>>> print(open('my_file13.csv').read())   # CSV, N, CA, C and O atoms
chain,number,residue,atom,x,y,z
G,1,PRO,N,33.4,-11.8,-6.5
G,1,PRO,CA,34.5,-12.2,-7.4
G,1,PRO,C,35.1,-13.5,-7.0
G,1,PRO,O,35.0,-13.9,-5.8
G,2,GLY,N,35.8,-14.2,-7.9
G,2,GLY,CA,36.4,-15.5,-7.6
G,2,GLY,C,37.7,-15.2,-6.8
G,2,GLY,O,38.1,-14.1,-6.7
G,3,GLU,N,38.3,-16.3,-6.4
G,3,GLU,CA,39.4,-16.2,-5.5
G,3,GLU,C,40.6,-15.5,-6.1
G,3,GLU,O,41.3,-14.8,-5.5
G,4,ASP,N,40.8,-15.6,-7.4
G,4,ASP,CA,41.9,-15.0,-8.1
G,4,ASP,C,41.6,-13.8,-8.9
G,4,ASP,O,42.4,-13.3,-9.6
G,5,GLU,N,40.4,-13.3,-8.8
G,5,GLU,CA,40.0,-12.1,-9.5
G,5,GLU,C,40.4,-10.8,-8.8
G,5,GLU,O,40.5,-10.9,-7.5
G,6,PRO,N,40.7,-9.8,-9.5
G,6,PRO,CA,41.0,-8.5,-8.8
G,6,PRO,C,39.9,-8.0,-7.9
G,6,PRO,O,38.7,-8.3,-8.1
G,7,VAL,N,40.2,-7.3,-6.8
G,7,VAL,CA,39.3,-6.7,-5.9
G,7,VAL,C,39.5,-5.2,-5.7
G,7,VAL,O,40.7,-4.8,-5.5
G,8,ILE,N,38.5,-4.4,-5.8
G,8,ILE,CA,38.6,-3.0,-5.6
G,8,ILE,C,38.0,-2.6,-4.3
G,8,ILE,O,36.8,-3.1,-4.0
G,9,THR,N,38.7,-1.9,-3.5
G,9,THR,CA,38.1,-1.4,-2.2
G,9,THR,C,38.2,0.1,-2.2
G,9,THR,O,39.3,0.7,-2.5
G,10,ALA,N,37.1,0.8,-1.9
G,10,ALA,CA,37.0,2.3,-1.8
G,10,ALA,C,36.6,2.7,-0.4
G,10,ALA,O,35.6,2.2,0.1
G,11,THR,N,37.3,3.6,0.1
G,11,THR,CA,37.0,4.2,1.5
G,11,THR,C,37.1,5.7,1.4
G,11,THR,O,37.8,6.3,0.6
G,12,PRO,N,36.3,6.4,2.3
G,12,PRO,CA,36.3,7.8,2.3
G,12,PRO,C,37.7,8.3,2.7
G,12,PRO,O,38.3,7.7,3.5
G,13,ASN,N,38.1,9.4,2.1
G,13,ASN,CA,39.4,10.0,2.5
G,13,ASN,C,39.1,11.0,3.7
G,13,ASN,O,38.4,11.9,3.5
G,14,ALA,N,39.7,10.7,4.8
G,14,ALA,CA,39.4,11.5,6.0
G,14,ALA,C,39.7,12.9,5.9
G,14,ALA,O,39.2,13.8,6.7
G,15,SER,N,40.6,13.3,5.0
G,15,SER,CA,41.1,14.7,5.0
G,15,SER,C,40.1,15.6,4.2
G,15,SER,O,40.3,16.8,4.2
G,16,ASP,N,39.1,15.0,3.6
G,16,ASP,CA,38.1,15.8,2.9
G,16,ASP,C,36.8,16.0,3.7
G,16,ASP,O,36.0,15.1,3.7
G,17,PRO,N,36.6,17.1,4.3
G,17,PRO,CA,35.4,17.3,5.1
G,17,PRO,C,34.1,17.3,4.2
G,17,PRO,O,33.0,17.0,4.7
G,18,ALA,N,34.2,17.6,2.9
G,18,ALA,CA,33.1,17.5,2.0
G,18,ALA,C,32.6,16.1,1.7
G,18,ALA,O,31.5,15.8,1.3
G,19,GLY,N,33.5,15.1,1.9
G,19,GLY,CA,33.2,13.7,1.7
G,19,GLY,C,33.2,13.3,0.2
G,19,GLY,O,32.7,12.2,-0.1
G,20,LEU,N,33.8,14.1,-0.7
G,20,LEU,CA,33.8,13.8,-2.1
G,20,LEU,C,35.1,13.0,-2.5
G,20,LEU,O,35.2,12.5,-3.6
G,21,THR,N,36.1,12.9,-1.6
G,21,THR,CA,37.3,12.3,-2.0
G,21,THR,C,37.4,10.9,-1.4
G,21,THR,O,37.0,10.6,-0.2
G,22,VAL,N,37.8,9.9,-2.2
G,22,VAL,CA,37.9,8.5,-1.8
G,22,VAL,C,39.3,8.0,-2.1
G,22,VAL,O,40.0,8.5,-2.9
G,23,ASP,N,39.6,7.0,-1.3
G,23,ASP,CA,40.9,6.3,-1.4
G,23,ASP,C,40.5,4.9,-2.0
G,23,ASP,O,39.7,4.2,-1.4
G,24,ILE,N,41.1,4.6,-3.1
G,24,ILE,CA,40.8,3.3,-3.8
G,24,ILE,C,42.1,2.4,-3.9
G,24,ILE,O,43.1,2.9,-4.3
G,25,VAL,N,41.9,1.2,-3.4
G,25,VAL,CA,43.0,0.2,-3.5
G,25,VAL,C,42.5,-1.0,-4.3
G,25,VAL,O,41.4,-1.4,-4.2
G,26,VAL,N,43.4,-1.4,-5.2
G,26,VAL,CA,43.1,-2.6,-6.1
G,26,VAL,C,44.1,-3.7,-5.7
G,26,VAL,O,45.3,-3.5,-5.7
G,27,ASP,N,43.5,-4.9,-5.4
G,27,ASP,CA,44.4,-6.1,-5.2
G,27,ASP,C,44.2,-7.0,-6.4
G,27,ASP,O,43.1,-7.6,-6.6
G,28,ASN,N,45.2,-7.0,-7.3
G,28,ASN,CA,45.1,-7.8,-8.5
G,28,ASN,C,45.7,-9.2,-8.3
G,28,ASN,O,46.1,-9.9,-9.3
G,29,LYS,N,45.8,-9.6,-7.1
G,29,LYS,CA,46.1,-11.0,-6.8
G,29,LYS,C,47.5,-11.4,-7.4
G,29,LYS,O,47.6,-12.5,-7.9
G,30,GLY,N,48.5,-10.5,-7.3
G,30,GLY,CA,49.8,-10.8,-7.8
G,30,GLY,C,50.0,-10.7,-9.3
G,30,GLY,O,51.0,-11.1,-9.8
G,31,GLN,N,48.9,-10.2,-10.0
G,31,GLN,CA,49.0,-10.2,-11.5
G,31,GLN,C,49.5,-8.9,-12.0
G,31,GLN,O,49.5,-8.7,-13.2
G,32,GLY,N,49.9,-7.9,-11.2
G,32,GLY,CA,50.5,-6.7,-11.6
G,32,GLY,C,49.5,-5.5,-11.8
G,32,GLY,O,48.4,-5.6,-11.3
G,33,SER,N,50.0,-4.5,-12.5
G,33,SER,CA,49.3,-3.2,-12.6
G,33,SER,C,48.2,-3.2,-13.6
G,33,SER,O,48.1,-4.1,-14.4
G,34,GLY,N,47.5,-2.1,-13.6
G,34,GLY,CA,46.4,-1.9,-14.5
G,34,GLY,C,45.9,-0.5,-14.5
G,34,GLY,O,46.5,0.4,-13.9
G,35,MET,N,44.8,-0.3,-15.2
G,35,MET,CA,44.2,1.1,-15.2
G,35,MET,C,42.9,1.0,-14.5
G,35,MET,O,42.1,0.1,-14.6
G,36,LEU,N,42.7,2.2,-13.8
G,36,LEU,CA,41.5,2.3,-12.9
G,36,LEU,C,40.6,3.4,-13.5
G,36,LEU,O,41.0,4.6,-13.6
G,37,ASP,N,39.5,3.0,-14.1
G,37,ASP,CA,38.5,3.9,-14.6
G,37,ASP,C,37.5,4.2,-13.4
G,37,ASP,O,36.9,3.4,-12.8
G,38,LEU,N,37.5,5.5,-13.1
G,38,LEU,CA,36.7,5.9,-11.8
G,38,LEU,C,35.2,6.1,-12.1
G,38,LEU,O,34.5,6.4,-11.1
G,39,GLY,N,34.8,5.9,-13.3
G,39,GLY,CA,33.3,5.9,-13.5
G,39,GLY,C,32.6,7.2,-13.7
G,39,GLY,O,31.4,7.3,-13.8
G,40,ASP,N,33.4,8.3,-13.7
G,40,ASP,CA,32.8,9.6,-13.9
G,40,ASP,C,33.2,10.4,-15.2
G,40,ASP,O,32.9,11.6,-15.3
G,41,GLY,N,33.7,9.6,-16.1
G,41,GLY,CA,34.1,10.2,-17.4
G,41,GLY,C,35.5,10.8,-17.4
G,41,GLY,O,36.0,11.3,-18.4
G,42,SER,N,36.2,10.8,-16.3
G,42,SER,CA,37.6,11.3,-16.2
G,42,SER,C,38.5,10.2,-16.9
G,42,SER,O,38.1,9.1,-17.1
G,43,ALA,N,39.8,10.6,-17.2
G,43,ALA,CA,40.7,9.7,-17.8
G,43,ALA,C,41.1,8.6,-16.7
G,43,ALA,O,41.2,8.9,-15.5
G,44,PRO,N,41.2,7.4,-17.2
G,44,PRO,CA,41.6,6.3,-16.3
G,44,PRO,C,43.0,6.6,-15.7
G,44,PRO,O,43.8,7.3,-16.3
G,45,GLN,N,43.2,6.1,-14.5
G,45,GLN,CA,44.5,6.3,-13.8
G,45,GLN,C,45.2,5.0,-13.6
G,45,GLN,O,44.6,3.9,-13.4
G,46,ALA,N,46.5,5.0,-13.6
G,46,ALA,CA,47.3,3.8,-13.4
G,46,ALA,C,47.2,3.4,-11.9
G,46,ALA,O,47.2,4.3,-11.0
G,47,ASN,N,47.2,2.1,-11.6
G,47,ASN,CA,47.2,1.6,-10.3
G,47,ASN,C,48.1,0.4,-10.3
G,47,ASN,O,48.0,-0.5,-11.1
G,48,ALA,N,48.9,0.3,-9.2
G,48,ALA,CA,49.9,-0.8,-9.1
G,48,ALA,C,49.2,-2.2,-9.0
G,48,ALA,O,49.8,-3.2,-9.3
G,49,GLY,N,48.0,-2.2,-8.5
G,49,GLY,CA,47.3,-3.5,-8.3
G,49,GLY,C,47.9,-4.4,-7.2
G,49,GLY,O,47.6,-5.6,-7.2
G,50,ASP,N,48.7,-3.8,-6.4
G,50,ASP,CA,49.4,-4.6,-5.4
G,50,ASP,C,48.7,-4.8,-4.0
G,50,ASP,O,49.2,-5.4,-3.1
G,51,GLY,N,47.5,-4.2,-3.9
G,51,GLY,CA,46.7,-4.3,-2.7
G,51,GLY,C,47.1,-3.3,-1.7
G,51,GLY,O,46.5,-3.3,-0.6
G,52,THR,N,48.1,-2.5,-1.9
G,52,THR,CA,48.5,-1.5,-0.9
G,52,THR,C,48.6,-0.1,-1.5
G,52,THR,O,48.4,0.9,-0.7
G,53,THR,N,48.8,0.1,-2.8
G,53,THR,CA,48.9,1.4,-3.4
G,53,THR,C,47.6,2.1,-3.4
G,53,THR,O,46.6,1.5,-3.9
G,54,VAL,N,47.5,3.3,-2.9
G,54,VAL,CA,46.2,4.0,-2.9
G,54,VAL,C,46.1,5.0,-4.0
G,54,VAL,O,47.0,5.8,-4.2
G,55,THR,N,45.0,5.0,-4.7
G,55,THR,CA,44.7,6.0,-5.7
G,55,THR,C,43.7,6.9,-5.0
G,55,THR,O,42.6,6.5,-4.7
G,56,THR,N,44.1,8.1,-4.7
G,56,THR,CA,43.1,9.1,-4.1
G,56,THR,C,42.5,9.9,-5.2
G,56,THR,O,43.2,10.5,-6.0
G,57,TYR,N,41.2,10.0,-5.1
G,57,TYR,CA,40.5,10.7,-6.2
G,57,TYR,C,39.3,11.6,-5.6
G,57,TYR,O,38.6,11.1,-4.7
G,58,ALA,N,39.2,12.8,-6.0
G,58,ALA,CA,38.1,13.7,-5.6
G,58,ALA,C,37.1,13.7,-6.7
G,58,ALA,O,37.3,14.2,-7.8
G,59,TYR,N,35.9,13.2,-6.4
G,59,TYR,CA,34.8,13.3,-7.4
G,59,TYR,C,34.2,14.7,-7.3
G,59,TYR,O,34.3,15.4,-6.3
G,60,ALA,N,33.6,15.2,-8.4
G,60,ALA,CA,33.1,16.5,-8.5
G,60,ALA,C,31.8,16.7,-7.8
G,60,ALA,O,31.5,17.8,-7.3
G,61,SER,N,31.0,15.6,-7.7
G,61,SER,CA,29.7,15.7,-7.0
G,61,SER,C,29.4,14.3,-6.4
G,61,SER,O,29.9,13.3,-6.7
G,62,ALA,N,28.4,14.4,-5.5
G,62,ALA,CA,28.0,13.2,-4.8
G,62,ALA,C,27.3,12.3,-5.8
G,62,ALA,O,26.7,12.7,-6.8
G,63,GLY,N,27.3,11.0,-5.5
G,63,GLY,CA,26.6,10.0,-6.3
G,63,GLY,C,27.2,8.7,-6.2
G,63,GLY,O,28.0,8.4,-5.3
G,64,THR,N,26.7,7.8,-7.0
G,64,THR,CA,27.2,6.4,-7.1
G,64,THR,C,27.9,6.2,-8.4
G,64,THR,O,27.3,6.4,-9.5
G,65,TYR,N,29.2,5.8,-8.4
G,65,TYR,CA,30.0,5.6,-9.6
G,65,TYR,C,30.4,4.1,-9.6
G,65,TYR,O,30.6,3.5,-8.6
G,66,THR,N,30.6,3.6,-10.8
G,66,THR,CA,31.2,2.3,-11.0
G,66,THR,C,32.6,2.4,-11.4
G,66,THR,O,33.0,2.8,-12.5
G,67,ALA,N,33.5,2.0,-10.4
G,67,ALA,CA,34.9,2.0,-10.7
G,67,ALA,C,35.3,0.6,-11.4
G,67,ALA,O,34.8,-0.4,-10.9
G,68,THR,N,36.1,0.7,-12.4
G,68,THR,CA,36.5,-0.5,-13.1
G,68,THR,C,38.0,-0.6,-13.2
G,68,THR,O,38.7,0.4,-13.7
G,69,PHE,N,38.6,-1.7,-12.9
G,69,PHE,CA,40.0,-2.0,-13.0
G,69,PHE,C,40.3,-2.9,-14.1
G,69,PHE,O,39.6,-3.9,-14.2
G,70,THR,N,41.2,-2.6,-15.0
G,70,THR,CA,41.6,-3.5,-16.1
G,70,THR,C,43.1,-3.8,-16.1
G,70,THR,O,43.9,-2.9,-16.1
G,71,ASP,N,43.4,-5.1,-16.0
G,71,ASP,CA,44.8,-5.5,-16.0
G,71,ASP,C,45.6,-5.1,-17.2
G,71,ASP,O,45.0,-5.1,-18.3
G,72,ASP,N,46.8,-4.6,-17.1
G,72,ASP,CA,47.6,-4.1,-18.2
G,72,ASP,C,47.9,-5.2,-19.2
G,72,ASP,O,48.0,-5.0,-20.4
G,73,ASP,N,48.2,-6.4,-18.6
G,73,ASP,CA,48.7,-7.5,-19.5
G,73,ASP,C,47.6,-8.4,-20.0
G,73,ASP,O,47.7,-9.1,-21.0
G,74,ASP,N,46.4,-8.4,-19.3
G,74,ASP,CA,45.3,-9.2,-19.7
G,74,ASP,C,44.0,-8.4,-19.6
G,74,ASP,O,43.4,-8.4,-18.6
G,75,PRO,N,43.6,-7.7,-20.7
G,75,PRO,CA,42.4,-6.9,-20.7
G,75,PRO,C,41.1,-7.6,-20.3
G,75,PRO,O,40.2,-6.9,-19.9
G,76,ALA,N,41.1,-8.9,-20.4
G,76,ALA,CA,39.9,-9.6,-20.0
G,76,ALA,C,39.8,-9.8,-18.5
G,76,ALA,O,38.8,-10.1,-17.9
G,77,ARG,N,40.9,-9.4,-17.8
G,77,ARG,CA,41.0,-9.5,-16.3
G,77,ARG,C,40.5,-8.2,-15.7
G,77,ARG,O,41.3,-7.2,-15.8
G,78,THR,N,39.3,-8.1,-15.2
G,78,THR,CA,38.7,-6.9,-14.8
G,78,THR,C,38.1,-7.1,-13.4
G,78,THR,O,37.8,-8.2,-13.0
G,79,ALA,N,37.8,-5.9,-12.8
G,79,ALA,CA,37.0,-5.9,-11.5
G,79,ALA,C,36.2,-4.6,-11.6
G,79,ALA,O,36.6,-3.6,-12.1
G,80,GLN,N,35.0,-4.7,-10.9
G,80,GLN,CA,34.2,-3.5,-10.8
G,80,GLN,C,33.7,-3.4,-9.3
G,80,GLN,O,33.6,-4.4,-8.6
G,81,ALA,N,33.5,-2.1,-8.9
G,81,ALA,CA,33.0,-1.9,-7.6
G,81,ALA,C,32.2,-0.6,-7.6
G,81,ALA,O,32.5,0.4,-8.4
G,82,GLN,N,31.1,-0.6,-6.9
G,82,GLN,CA,30.3,0.6,-6.7
G,82,GLN,C,31.0,1.5,-5.7
G,82,GLN,O,31.3,1.1,-4.6
G,83,VAL,N,31.2,2.8,-6.1
G,83,VAL,CA,31.7,3.8,-5.2
G,83,VAL,C,30.7,4.8,-4.9
G,83,VAL,O,30.2,5.5,-5.8
G,84,THR,N,30.2,4.9,-3.6
G,84,THR,CA,29.2,5.8,-3.3
G,84,THR,C,29.9,7.0,-2.6
G,84,THR,O,30.6,6.9,-1.6
G,85,VAL,N,29.6,8.2,-3.2
G,85,VAL,CA,30.2,9.4,-2.6
G,85,VAL,C,29.1,10.1,-1.9
G,85,VAL,O,28.1,10.5,-2.5
G,86,PRO,N,29.3,10.4,-0.6
G,86,PRO,CA,28.2,11.0,0.2
G,86,PRO,C,28.0,12.4,-0.2
G,86,PRO,O,28.9,13.1,-0.5
G,87,ALA,N,26.8,12.9,-0.1
G,87,ALA,CA,26.4,14.3,-0.3
G,87,ALA,C,26.9,15.1,0.9
G,87,ALA,O,27.0,14.5,2.0
G,88,THR,N,27.2,16.3,0.7
G,88,THR,CA,27.6,17.2,1.9
G,88,THR,C,26.4,17.6,2.6
G,88,THR,O,25.3,17.7,2.1
G,89,ALA,N,26.6,17.7,3.9
G,89,ALA,CA,25.4,18.1,4.8
G,89,ALA,C,25.2,19.6,4.7
G,89,ALA,O,26.0,20.4,4.5
>>> encode(input="my_file13.csv", output="structure tokens")
Amino acid sequence: PGEDEPVITATPNASDPAGLTVDIVVDNKGQGSGMLDLGDGSAPQANAGDGTTVTTYAYASAGTYTATFTDDDDPARTAQAQVTVPATA
């Protein structure tokens, strides 16, 4: 992404031993909030886009999902990230 484009960061949520829950942070570079589509067919969730607010989400099954953030004020302003959810052992 360019310098001023939003950035999505996804990390495993340590409290889920199954490994299906992720913490997602969106940094919209000071441009405000938006909606976060988690890529699994669920309803998009609001995210502050401030680079610190965490959206915690539990996926139903392991796999790779494409998370997409869309700015509330400028729908052309988007970001995508691959979210890999590990399979349980």
>>> residues_around(input="my_file13.csv", residues="region 12-29 of chain G", least_positions_apart="4", cutoff="10 Å", atoms="only C-alpha atoms", output="VMD selection string")
chain G and resid 3 to 8 33 to 36 38 47 to 63 67 to 71 77 to 79 83 to 89
>>> closest_residue(input="my_file13.csv", among="G:Thr11, G:Thr66, G:Gln31, G:Ser42", to="Gln82 (chain G)", atoms="only N, CA, C and O atoms")
G:Thr66
>>> atom_distance(input="my_file13.csv", atom1="CA of Ala43 (chain G)", atom2="CA of Tyr65 (chain G)")
14.1 Å
>>> atom_distance(input="my_file13.csv", atom1="CA of Ala81 (chain G)", atom2="atom C of Gly39 (chain G)")
11.0 Å
>>> closest_residue(input="my_file13.csv", among="G:Asp72, G:Gly32, G:Gln45, G:Gln80", to="Thr9 (chain G)", atoms="only C-alpha atoms")
G:Gln80
>>> build_atoms(input="my_file13.csv", residues="region 12-23 of chain G", atoms="all heavy atoms", output="mmCIF file, in the frame of the given file")
data_model
loop_
_atom_site.group_PDB
_atom_site.id
_atom_site.type_symbol
_atom_site.label_atom_id
_atom_site.label_comp_id
_atom_site.auth_asym_id
_atom_site.auth_seq_id
_atom_site.Cartn_x
_atom_site.Cartn_y
_atom_site.Cartn_z
ATOM 1 N N PRO G 12 36.300 6.400 2.300
ATOM 2 C CA PRO G 12 36.300 7.800 2.300
ATOM 3 C C PRO G 12 37.700 8.300 2.700
ATOM 4 O O PRO G 12 38.300 7.700 3.500
ATOM 5 C CB PRO G 12 35.266 8.199 3.328
ATOM 6 C CG PRO G 12 34.419 6.992 3.503
ATOM 7 C CD PRO G 12 35.285 5.811 3.168
ATOM 8 N N ASN G 13 38.100 9.400 2.100
ATOM 9 C CA ASN G 13 39.400 10.000 2.500
ATOM 10 C C ASN G 13 39.100 11.000 3.700
ATOM 11 O O ASN G 13 38.400 11.900 3.500
ATOM 12 C CB ASN G 13 40.027 10.743 1.321
ATOM 13 C CG ASN G 13 41.343 11.390 1.662
ATOM 14 O OD1 ASN G 13 41.384 12.339 2.427
ATOM 15 N ND2 ASN G 13 42.412 10.885 1.082
ATOM 16 N N ALA G 14 39.700 10.700 4.800
ATOM 17 C CA ALA G 14 39.400 11.500 6.000
ATOM 18 C C ALA G 14 39.700 12.900 5.900
ATOM 19 O O ALA G 14 39.200 13.800 6.700
ATOM 20 C CB ALA G 14 40.033 10.822 7.226
ATOM 21 N N SER G 15 40.600 13.300 5.000
ATOM 22 C CA SER G 15 41.100 14.700 5.000
ATOM 23 C C SER G 15 40.100 15.600 4.200
ATOM 24 O O SER G 15 40.300 16.800 4.200
ATOM 25 C CB SER G 15 42.478 14.772 4.354
ATOM 26 O OG SER G 15 42.398 14.437 2.982
ATOM 27 N N ASP G 16 39.100 15.000 3.600
ATOM 28 C CA ASP G 16 38.100 15.800 2.900
ATOM 29 C C ASP G 16 36.800 16.000 3.700
ATOM 30 O O ASP G 16 36.000 15.100 3.700
ATOM 31 C CB ASP G 16 37.835 15.178 1.531
ATOM 32 C CG ASP G 16 36.826 15.954 0.689
ATOM 33 O OD1 ASP G 16 36.414 17.059 1.098
ATOM 34 O OD2 ASP G 16 36.456 15.446 -0.377
ATOM 35 N N PRO G 17 36.600 17.100 4.300
ATOM 36 C CA PRO G 17 35.400 17.300 5.100
ATOM 37 C C PRO G 17 34.100 17.300 4.200
ATOM 38 O O PRO G 17 33.000 17.000 4.700
ATOM 39 C CB PRO G 17 35.553 18.697 5.738
ATOM 40 C CG PRO G 17 36.587 19.394 4.929
ATOM 41 C CD PRO G 17 37.446 18.327 4.312
ATOM 42 N N ALA G 18 34.200 17.600 2.900
ATOM 43 C CA ALA G 18 33.100 17.500 2.000
ATOM 44 C C ALA G 18 32.600 16.100 1.700
ATOM 45 O O ALA G 18 31.500 15.800 1.300
ATOM 46 C CB ALA G 18 33.371 18.268 0.742
ATOM 47 N N GLY G 19 33.500 15.100 1.900
ATOM 48 C CA GLY G 19 33.200 13.700 1.700
ATOM 49 C C GLY G 19 33.200 13.300 0.200
ATOM 50 O O GLY G 19 32.700 12.200 -0.100
ATOM 51 N N LEU G 20 33.800 14.100 -0.700
ATOM 52 C CA LEU G 20 33.800 13.800 -2.100
ATOM 53 C C LEU G 20 35.100 13.000 -2.500
ATOM 54 O O LEU G 20 35.200 12.500 -3.600
ATOM 55 C CB LEU G 20 33.669 15.032 -2.937
ATOM 56 C CG LEU G 20 32.351 15.789 -2.768
ATOM 57 C CD1 LEU G 20 32.376 17.072 -3.588
ATOM 58 C CD2 LEU G 20 31.171 14.932 -3.145
ATOM 59 N N THR G 21 36.100 12.900 -1.600
ATOM 60 C CA THR G 21 37.300 12.300 -2.000
ATOM 61 C C THR G 21 37.400 10.900 -1.400
ATOM 62 O O THR G 21 37.000 10.600 -0.200
ATOM 63 C CB THR G 21 38.513 13.093 -1.402
ATOM 64 O OG1 THR G 21 38.425 14.422 -1.916
ATOM 65 C CG2 THR G 21 39.853 12.482 -1.804
ATOM 66 N N VAL G 22 37.800 9.900 -2.200
ATOM 67 C CA VAL G 22 37.900 8.500 -1.800
ATOM 68 C C VAL G 22 39.300 8.000 -2.100
ATOM 69 O O VAL G 22 40.000 8.500 -2.900
ATOM 70 C CB VAL G 22 36.862 7.617 -2.574
ATOM 71 C CG1 VAL G 22 35.442 7.980 -2.212
ATOM 72 C CG2 VAL G 22 37.060 7.692 -4.061
ATOM 73 N N ASP G 23 39.600 7.000 -1.300
ATOM 74 C CA ASP G 23 40.900 6.300 -1.400
ATOM 75 C C ASP G 23 40.500 4.900 -2.000
ATOM 76 O O ASP G 23 39.700 4.200 -1.400
ATOM 77 C CB ASP G 23 41.630 6.119 -0.101
ATOM 78 C CG ASP G 23 42.113 7.441 0.461
ATOM 79 O OD1 ASP G 23 42.414 8.349 -0.334
ATOM 80 O OD2 ASP G 23 42.207 7.559 1.698
#
